[in-house]
$ cat input.cif   # mmCIF, C-alpha atoms
data_model
#
loop_
_atom_site.label_atom_id
_atom_site.label_comp_id
_atom_site.auth_asym_id
_atom_site.auth_seq_id
_atom_site.Cartn_x
_atom_site.Cartn_y
_atom_site.Cartn_z
CA MET A 1 -27.15 -59.11 -115.24
CA VAL A 2 -29.23 -58.02 -112.23
CA LEU A 3 -29.30 -60.46 -109.32
CA ASP A 4 -32.67 -61.24 -107.77
CA ASN A 5 -32.13 -60.68 -104.02
CA ARG A 6 -35.78 -60.90 -103.00
CA SER A 7 -35.46 -64.17 -101.08
CA THR A 8 -32.77 -62.64 -98.85
CA VAL A 9 -34.82 -59.48 -98.39
CA ARG A 10 -37.89 -61.47 -97.36
CA LYS A 11 -35.88 -63.57 -94.90
CA VAL A 12 -34.44 -60.47 -93.22
CA LEU A 13 -37.85 -58.76 -93.09
CA VAL A 14 -39.52 -61.79 -91.49
CA ILE A 15 -36.82 -61.97 -88.79
CA THR A 16 -37.03 -58.25 -88.05
CA LEU A 17 -40.85 -58.36 -88.06
CA LEU A 18 -40.87 -61.00 -85.31
CA LEU A 19 -38.33 -59.05 -83.25
CA ASN A 20 -40.25 -55.78 -83.74
CA LEU A 21 -43.48 -57.42 -82.58
CA PHE A 22 -41.67 -58.63 -79.46
CA VAL A 23 -40.37 -55.10 -78.81
CA LEU A 24 -43.82 -53.60 -79.45
CA LEU A 25 -45.42 -55.94 -76.90
CA LEU A 26 -42.86 -55.11 -74.19
CA LYS A 27 -43.17 -51.34 -74.73
CA ALA A 28 -46.97 -51.43 -74.79
CA VAL A 29 -47.21 -53.47 -71.60
CA VAL A 30 -44.69 -51.35 -69.68
CA GLY A 31 -46.18 -48.12 -71.03
CA TRP A 32 -49.70 -49.17 -70.04
CA PHE A 33 -48.76 -50.09 -66.47
CA THR A 34 -46.58 -47.02 -65.91
CA GLY A 35 -48.82 -44.51 -67.72
CA SER A 36 -45.81 -43.07 -69.58
CA LEU A 37 -46.77 -40.97 -72.61
CA SER A 38 -43.25 -41.07 -74.05
CA LEU A 39 -43.13 -44.85 -73.75
CA LEU A 40 -46.57 -45.31 -75.33
CA ALA A 41 -45.43 -42.99 -78.14
CA ASP A 42 -42.35 -45.18 -78.49
CA ALA A 43 -44.63 -48.23 -78.71
CA LEU A 44 -46.53 -46.48 -81.50
CA HIS A 45 -43.23 -45.94 -83.27
CA SER A 46 -42.51 -49.66 -82.93
CA LEU A 47 -45.93 -50.38 -84.42
CA THR A 48 -44.84 -48.46 -87.53
CA ASP A 49 -41.65 -50.61 -87.53
CA SER A 50 -43.80 -53.73 -87.77
CA ALA A 51 -46.09 -52.16 -90.36
CA SER A 52 -43.10 -51.17 -92.50
CA ASN A 53 -41.80 -54.76 -92.32
CA VAL A 54 -45.14 -56.01 -93.66
CA LEU A 55 -45.09 -53.32 -96.34
CA GLY A 56 -41.55 -54.35 -97.27
CA LEU A 57 -42.60 -57.99 -97.64
CA VAL A 58 -45.45 -56.98 -99.94
CA SER A 59 -43.32 -54.65 -102.09
CA SER A 60 -40.51 -57.22 -102.30
CA ARG A 61 -43.00 -59.74 -103.66
CA PHE A 62 -43.55 -57.52 -106.73
CA SER A 63 -40.06 -56.02 -107.17
CA SER A 64 -38.45 -58.58 -109.47
CA PRO A 65 -35.47 -57.11 -111.38
CA VAL A 66 -36.12 -59.45 -114.32
CA PRO A 67 -37.81 -57.61 -117.24
CA ASP A 68 -40.92 -58.98 -118.91
CA ARG A 69 -43.35 -57.95 -121.65
CA ASP A 70 -45.34 -55.57 -119.45
CA HIS A 71 -42.33 -54.21 -117.53
CA PRO A 72 -39.33 -54.18 -119.91
CA TYR A 73 -37.25 -52.22 -117.38
CA GLY A 74 -37.94 -54.62 -114.50
CA HIS A 75 -40.07 -54.07 -111.40
CA GLN A 76 -37.56 -52.67 -108.90
CA LYS A 77 -39.37 -49.38 -108.40
CA TYR A 78 -41.92 -51.29 -106.35
CA GLU A 79 -39.24 -51.55 -103.67
CA ALA A 80 -38.68 -47.77 -103.73
CA ILE A 81 -42.44 -47.30 -103.40
CA GLY A 82 -42.31 -49.56 -100.36
CA ALA A 83 -39.57 -47.37 -98.88
CA LEU A 84 -41.80 -44.32 -99.38
CA GLY A 85 -44.49 -46.20 -97.49
CA VAL A 86 -42.05 -46.45 -94.57
CA ALA A 87 -41.64 -42.66 -94.72
CA ALA A 88 -45.43 -42.27 -94.62
CA PHE A 89 -45.66 -44.46 -91.51
CA LEU A 90 -42.99 -42.32 -89.83
CA GLY A 91 -44.97 -39.16 -90.64
CA ILE A 92 -48.10 -40.65 -89.07
CA ALA A 93 -46.16 -41.67 -85.96
CA CYS A 94 -44.73 -38.14 -85.62
CA PHE A 95 -48.23 -36.62 -85.77
CA GLU A 96 -49.62 -39.05 -83.18
CA ILE A 97 -46.77 -38.38 -80.75
CA LEU A 98 -47.20 -34.60 -80.98
CA GLN A 99 -50.95 -34.89 -80.57
CA SER A 100 -50.56 -37.02 -77.44
CA ALA A 101 -48.00 -34.58 -75.97
CA ILE A 102 -50.35 -31.62 -76.49
CA GLU A 103 -53.21 -33.49 -74.85
CA ARG A 104 -51.01 -34.34 -71.86
CA LEU A 105 -50.04 -30.66 -71.48
CA THR A 106 -53.61 -29.37 -71.67
CA LYS A 107 -55.34 -32.04 -69.57
CA THR A 108 -54.83 -33.42 -66.08
CA SER A 109 -53.41 -36.93 -66.13
CA GLU A 110 -52.19 -39.60 -63.75
CA PRO A 111 -48.51 -39.40 -62.73
CA VAL A 112 -46.05 -41.84 -64.29
CA LYS A 113 -45.07 -44.75 -62.00
CA ILE A 114 -41.95 -46.71 -62.84
CA ALA A 115 -40.04 -49.54 -61.11
CA GLY A 116 -36.57 -50.96 -61.57
CA ALA A 117 -37.85 -54.18 -63.18
CA GLU A 118 -39.63 -52.17 -65.88
CA LEU A 119 -36.42 -50.27 -66.63
CA TRP A 120 -34.60 -53.58 -67.11
CA LEU A 121 -37.25 -54.64 -69.62
CA LEU A 122 -36.58 -51.44 -71.56
CA LEU A 123 -32.86 -52.25 -71.64
CA ILE A 124 -33.75 -55.57 -73.27
CA VAL A 125 -35.86 -53.64 -75.79
CA LEU A 126 -32.89 -51.37 -76.54
CA GLY A 127 -30.61 -54.36 -77.13
CA VAL A 128 -33.09 -55.97 -79.54
CA ASN A 129 -33.47 -52.69 -81.47
CA LEU A 130 -29.70 -52.32 -81.81
CA PHE A 131 -29.39 -55.87 -83.14
CA VAL A 132 -32.21 -55.33 -85.66
CA THR A 133 -30.69 -52.05 -86.89
CA PHE A 134 -27.19 -53.34 -87.56
CA TYR A 135 -28.36 -56.70 -88.92
CA GLU A 136 -30.83 -55.13 -91.34
CA ARG A 137 -28.41 -52.41 -92.47
CA ARG A 138 -25.61 -54.93 -93.06
CA GLU A 139 -27.84 -57.19 -95.15
CA GLY A 140 -29.34 -54.21 -97.00
CA MET A 141 -25.91 -52.94 -97.99
CA ARG A 142 -24.78 -56.44 -98.98
CA VAL A 143 -27.67 -57.06 -101.40
CA ASN A 144 -28.28 -53.39 -102.38
CA SER A 145 -31.85 -53.38 -101.05
CA PRO A 146 -33.42 -49.92 -100.56
CA ILE A 147 -36.28 -51.28 -98.47
CA LEU A 148 -33.89 -52.94 -95.98
CA ILE A 149 -31.70 -49.84 -95.75
CA ALA A 150 -34.75 -47.60 -95.26
CA ASP A 151 -36.20 -49.94 -92.65
CA ALA A 152 -32.85 -50.03 -90.81
CA GLN A 153 -32.93 -46.23 -90.63
CA HIS A 154 -36.46 -46.47 -89.31
CA THR A 155 -35.35 -48.86 -86.58
CA MET A 156 -32.30 -46.69 -85.79
CA SER A 157 -34.67 -43.83 -85.02
CA ASP A 158 -36.40 -46.26 -82.67
CA VAL A 159 -33.09 -46.82 -80.89
CA TRP A 160 -32.66 -43.10 -80.22
CA VAL A 161 -36.28 -42.82 -79.15
CA THR A 162 -35.87 -45.69 -76.69
CA ILE A 163 -32.66 -44.16 -75.27
CA SER A 164 -34.45 -40.84 -74.81
CA VAL A 165 -37.47 -42.43 -73.17
CA LEU A 166 -35.31 -44.61 -70.95
CA GLY A 167 -33.37 -41.55 -69.74
CA GLY A 168 -36.61 -39.75 -68.92
CA LEU A 169 -38.04 -42.69 -67.02
CA ILE A 170 -34.83 -43.00 -65.01
CA GLY A 171 -35.26 -39.31 -64.10
CA ILE A 172 -38.83 -39.97 -63.00
CA TRP A 173 -37.78 -43.08 -61.06
CA ILE A 174 -34.98 -41.32 -59.15
CA PHE A 175 -36.14 -37.70 -58.87
CA ASN A 176 -39.89 -37.95 -59.65
CA TRP A 177 -39.54 -35.35 -62.43
CA GLN A 178 -42.92 -35.99 -64.03
CA TRP A 179 -42.47 -33.19 -66.59
CA LEU A 180 -39.64 -35.16 -68.23
CA ASP A 181 -42.15 -37.57 -69.77
CA VAL A 182 -43.88 -34.88 -71.85
CA VAL A 183 -40.71 -32.93 -72.61
CA LEU A 184 -38.96 -36.01 -74.03
CA ALA A 185 -41.95 -36.85 -76.23
CA LEU A 186 -41.14 -33.76 -78.37
CA PRO A 187 -37.57 -34.70 -79.44
CA VAL A 188 -38.91 -38.20 -80.05
CA ALA A 189 -41.32 -36.71 -82.61
CA ILE A 190 -38.50 -34.72 -84.24
CA LEU A 191 -36.30 -37.83 -84.55
CA VAL A 192 -39.17 -39.76 -86.12
CA PHE A 193 -39.83 -36.97 -88.64
CA TYR A 194 -36.12 -36.74 -89.55
CA SER A 195 -35.95 -40.48 -90.22
CA GLY A 196 -38.92 -40.22 -92.57
CA TRP A 197 -37.33 -37.30 -94.41
CA LYS A 198 -34.10 -39.26 -94.97
CA VAL A 199 -35.99 -42.22 -96.42
CA LEU A 200 -37.97 -39.90 -98.71
CA LYS A 201 -34.84 -38.07 -99.86
CA GLN A 202 -33.03 -41.31 -100.76
CA ASN A 203 -35.83 -42.95 -102.76
CA LEU A 204 -37.75 -40.15 -104.45
CA PRO A 205 -35.00 -39.39 -107.06
CA TRP A 206 -35.23 -42.97 -108.34
CA LEU A 207 -38.99 -42.73 -108.81
CA VAL A 208 -38.81 -39.42 -110.71
CA ASP A 209 -35.94 -40.60 -112.95
CA GLU A 210 -33.36 -38.17 -111.64
CA ILE A 211 -29.92 -38.35 -113.29
CA ALA A 212 -27.92 -41.34 -112.03
CA ILE A 213 -24.48 -40.67 -113.55
CA ALA A 214 -22.94 -37.37 -114.62
CA PRO A 215 -22.98 -37.24 -118.46
CA GLU A 216 -19.41 -35.97 -118.42
CA ALA A 217 -18.30 -39.21 -116.70
CA ILE A 218 -20.06 -41.35 -119.32
CA HIS A 219 -18.60 -39.16 -122.09
CA ALA A 220 -15.07 -39.60 -120.69
CA ILE A 221 -15.40 -43.41 -120.68
CA ALA A 222 -16.82 -43.54 -124.21
CA MET A 223 -14.02 -41.33 -125.57
CA THR A 224 -11.38 -43.84 -124.39
CA VAL A 225 -12.59 -46.36 -126.98
CA PRO A 226 -10.71 -46.27 -130.31
CA GLY A 227 -12.98 -45.26 -133.17
CA VAL A 228 -15.24 -43.00 -131.09
CA ILE A 229 -15.27 -39.44 -132.46
CA ASN A 230 -17.79 -37.98 -130.03
CA CYS A 231 -20.93 -38.79 -128.06
CA HIS A 232 -23.88 -36.60 -127.15
CA ASP A 233 -27.46 -36.53 -125.83
CA ILE A 234 -26.37 -38.70 -122.91
CA ALA A 235 -29.07 -39.62 -120.39
CA SER A 236 -29.06 -41.91 -117.37
CA ARG A 237 -31.50 -42.94 -114.66
CA GLY A 238 -31.78 -45.45 -111.85
CA VAL A 239 -29.37 -45.98 -108.96
CA VAL A 240 -25.71 -46.93 -109.45
CA GLY A 241 -25.04 -50.35 -107.95
CA ARG A 242 -28.73 -51.24 -107.94
CA GLN A 243 -29.86 -50.82 -111.58
CA THR A 244 -28.91 -48.11 -114.05
CA PHE A 245 -30.07 -47.31 -117.59
CA ILE A 246 -27.91 -45.27 -120.01
CA GLU A 247 -28.88 -43.85 -123.40
CA MET A 248 -26.52 -42.02 -125.73
CA HIS A 249 -25.78 -41.05 -129.34
CA LEU A 250 -22.36 -42.14 -130.53
CA ILE A 251 -20.44 -40.73 -133.51
CA VAL A 252 -18.05 -43.40 -134.75
CA ASP A 253 -15.28 -43.56 -137.33
CA ALA A 254 -16.47 -46.65 -139.19
CA GLY A 255 -17.02 -47.43 -142.85
CA ASP A 256 -19.31 -50.39 -142.34
CA VAL A 257 -21.96 -51.63 -139.91
CA GLU A 258 -19.82 -54.41 -138.47
CA THR A 259 -17.02 -52.02 -137.43
CA ALA A 260 -19.55 -49.58 -135.94
CA HIS A 261 -21.10 -52.46 -134.01
CA GLN A 262 -17.73 -53.53 -132.60
CA ILE A 263 -17.02 -49.99 -131.41
CA THR A 264 -20.39 -49.67 -129.67
CA GLU A 265 -19.96 -53.10 -128.06
CA GLU A 266 -16.65 -51.96 -126.57
CA VAL A 267 -18.24 -48.74 -125.24
CA GLU A 268 -21.03 -50.77 -123.69
CA ALA A 269 -18.56 -53.24 -122.13
CA ARG A 270 -16.57 -50.43 -120.46
CA LEU A 271 -19.72 -48.81 -119.09
CA ILE A 272 -20.90 -52.15 -117.72
CA GLU A 273 -17.51 -52.72 -116.12
CA ARG A 274 -17.71 -49.34 -114.39
CA TYR A 275 -21.41 -49.13 -113.43
CA SER A 276 -22.78 -52.71 -113.40
CA PRO A 277 -25.61 -53.62 -113.30
CA VAL A 278 -26.43 -51.31 -116.21
CA ARG A 279 -28.33 -51.48 -119.51
CA VAL A 280 -26.93 -49.32 -122.32
CA MET A 281 -28.77 -48.12 -125.43
CA ILE A 282 -26.53 -46.57 -128.13
CA HIS A 283 -27.66 -44.80 -131.27
CA VAL A 284 -24.84 -44.84 -133.86
CA GLU A 285 -24.18 -41.84 -136.13
CA PRO A 286 -21.71 -41.32 -139.05
CA PRO A 287 -18.38 -39.43 -138.81
CA SER A 288 -19.84 -36.39 -140.62
CA TYR A 289 -22.47 -35.76 -137.95
CA GLN A 290 -21.82 -32.70 -135.75
CA GLU A 291 -23.23 -32.20 -132.23
CA ASN A 292 -21.67 -30.48 -129.21
CA HIS A 293 -24.35 -31.02 -126.55
CA ILE A 294 -23.13 -33.77 -124.24
CA SER A 295 -26.43 -33.99 -122.39
CA PHE A 296 -29.95 -32.63 -122.62
CA GLY A 297 -30.12 -28.95 -121.73
CA ILE A 298 -26.32 -28.59 -121.81
#
$ encode --input "input.cif" --output "structure tokens"
Amino acid sequence: MVLDNRSTVRKVLVITLLLNLFVLLLKAVVGWFTGSLSLLADALHSLTDSASNVLGLVSSRFSSPVPDRDHPYGHQKYEAIGALGVAAFLGIACFEILQSAIERLTKTSEPVKIAGAELWLLLIVLGVNLFVTFYERREGMRVNSPILIADAQHTMSDVWVTISVLGGLIGIWIFNWQWLDVVLALPVAILVFYSGWKVLKQNLPWLVDEIAIAPEAIHAIAMTVPGVINCHDIASRGVVGRQTFIEMHLIVDAGDVETAHQITEEVEARLIERYSPVRVMIHVEPPSYQENHISFGI
């Protein structure tokens, strides 16, 4: 049975959305008054944090794990699609930061002006971002939510961005090194791009039905059940611990349908015990059937 964790996901996303909007406002105000490119780029990154929270709320609304007539395998891929939307927002933020840095290098601009009070505000921003990251990651791991885990990675990139920007502004405040502002905007863009790549890498395999469990592992479990002669054409998809689907052909030593059914039920029970939540589809074949291919293409 797949648990419906959407209410928890929505609660976490609403809390993080409010905190991200607070962070966005502080960064935008301080960036505007100081004229800091790196800080305004960081504010743009925070805007994508808020946008990804909204996207997560929308995708969670449609990602019920309960199957129905139109979606017999459930609706959980909507959540993975939402995570890919987070990756898209990160890509846009990376492009905007690089574009702003190039413009600052090629055009004359006002020097950055920073005061101690503004640096203290940025320390508050950093503390809020750290809280959001660890809170969202902990809840995401607890309820196996890809959108929360992806969003936590997004916010973690914001933490590193804020640390980088804060270090540059301290350099400007103490030594008046104006070039630090543009220089630090570049690693900010790289960190944002890397966060997007990680989110994409984690969620794309689920959407393209990449193998979830090695067929050899499924074969080994099935062969421990008395009455199983062999199994072949094993296929799996989904994400272990979130929702997995297994299909297989099973050769059983049974003289009647009832015995064959009992054997397949035991195979299914052991697979569920190992990989739950999982749905198993078994095609039963007679003892005389011969097949050596454990999986497709092998």
$ atom_distance --input "input.cif" --atom1 "atom CA of Arg61 of chain A" --atom2 "atom CA of Tyr135 of chain A"
21.0 Å
$ closest_residue --input "input.cif" --among "A:Thr259, A:Thr48, A:Thr106, A:Gln76" --to "His154 of chain A" --atoms "all atoms listed in the file"
A:Thr48
$ closest_atom_pairs --input "input.cif" --of "segment 134-245 of chain A" --to "segment 49-59 of chain A" --cutoff "9 Å" --atoms "all atoms listed in the file" --output "JSON lines"
{"residue": "A:Ile147", "atom": "CA", "partner": "A:Gly56", "partner_atom": "CA", "distance": 6.2}
{"residue": "A:Leu148", "atom": "CA", "partner": "A:Gly56", "partner_atom": "CA", "distance": 7.9}
{"residue": "A:Asp151", "atom": "CA", "partner": "A:Ser52", "partner_atom": "CA", "distance": 7.0}
{"residue": "A:His154", "atom": "CA", "partner": "A:Asp49", "partner_atom": "CA", "distance": 6.9}
{"residue": "A:Thr155", "atom": "CA", "partner": "A:Asp49", "partner_atom": "CA", "distance": 6.6}
{"residue": "A:Asp158", "atom": "CA", "partner": "A:Asp49", "partner_atom": "CA", "distance": 8.4}
$ resolve_selection --input "input.cif" --expression "the PyMOL selection byres ((chain A and resi 27) around 8)" --output "PyMOL selection string"
chain A and resi 23-26+28-31+39-40+42-43+122+125
$ closest_residue --input "input.cif" --among "A:Met156, A:Ile124, A:Val192, A:Val199" --to "Ile92 of chain A" --atoms "only C-alpha atoms"
A:Val192
$ resolve_selection --input "input.cif" --expression "the PyMOL selection byres ((chain A and resi 234) around 8)" --output "PyMOL selection string"
chain A and resi 215+218-219+231-233+235-236+246-249+294-296
$ closest_residue --input "input.cif" --among "A:Glu291, A:Lys113, A:Ala83, A:Gly127" --to "Phe175 of chain A" --atoms "all atoms listed in the file"
A:Lys113
$ residues_around --input "input.cif" --residues "Ser164 of chain A" --least-positions-apart "4" --cutoff "7 Å" --atoms "only C-alpha atoms" --output "compact mmCIF listing (two decimals) with C-alpha atoms, in the frame of the given file"
# COMPACT_ATOMS: atom_id res chain seq x y z
CA TRP A 160 -32.66 -43.10 -80.22
CA GLY A 168 -36.61 -39.75 -68.92
CA LEU A 184 -38.96 -36.01 -74.03
$ atom_distance --input "input.cif" --atom1 "atom CA of Tyr289 of chain A" --atom2 "atom CA of Val228 of chain A"
12.3 Å
$ atom_distance --input "input.cif" --atom1 "atom CA of Val239 of chain A" --atom2 "atom CA of Arg138 of chain A"
18.6 Å
$ residues_near_point --input "input.cif" --point "(-31.1, -55.1, -100.8)" --cutoff "12 Å" --atoms "all atoms listed in the file" --output "count of residues only"
41
$ residues_around --input "input.cif" --residues "Leu119 of chain A" --least-positions-apart "6" --cutoff "8 Å" --atoms "all atoms listed in the file" --output "ChimeraX atom specification"
/A:166,169-170
$ write_last_selection --input "input.cif" --atoms "C-alpha atoms" --output "PDB file, in the frame of the given file"
ATOM      1  CA  LEU A 166     -35.310 -44.610 -70.950  1.00  0.00           C
ATOM      2  CA  LEU A 169     -38.040 -42.690 -67.020  1.00  0.00           C
ATOM      3  CA  ILE A 170     -34.830 -43.000 -65.010  1.00  0.00           C
TER       4      ILE A 170
END
$ resolve_selection --input "input.cif" --expression "the PyMOL selection byres ((chain A and resi 207) around 10)" --output "ChimeraX atom specification"
/A:77-78,80-81,84,203-206,208-210,237-238
$ residues_near_point --input "input.cif" --point "(-45.0, -39.4, -78.1)" --cutoff "7 Å" --atoms "only C-alpha atoms" --output "ChimeraX atom specification"
/A:37-38,40-42,96-98,100-101,185-186,188-189
$ closest_residue --input "input.cif" --among "A:Gly116, A:Gly196, A:Gly74, A:Gly91" --to "Phe245 of chain A" --atoms "all atoms listed in the file"
A:Gly74
$ axis_aligned_box --input "input.cif" --around "segment 80-92 of chain A" --padding-each-side "6 Å" --output "JSON"
{"center_x": -43.4, "center_y": -44.4, "center_z": -96.4, "size_x": 21.4, "size_y": 22.4, "size_z": 26.7}
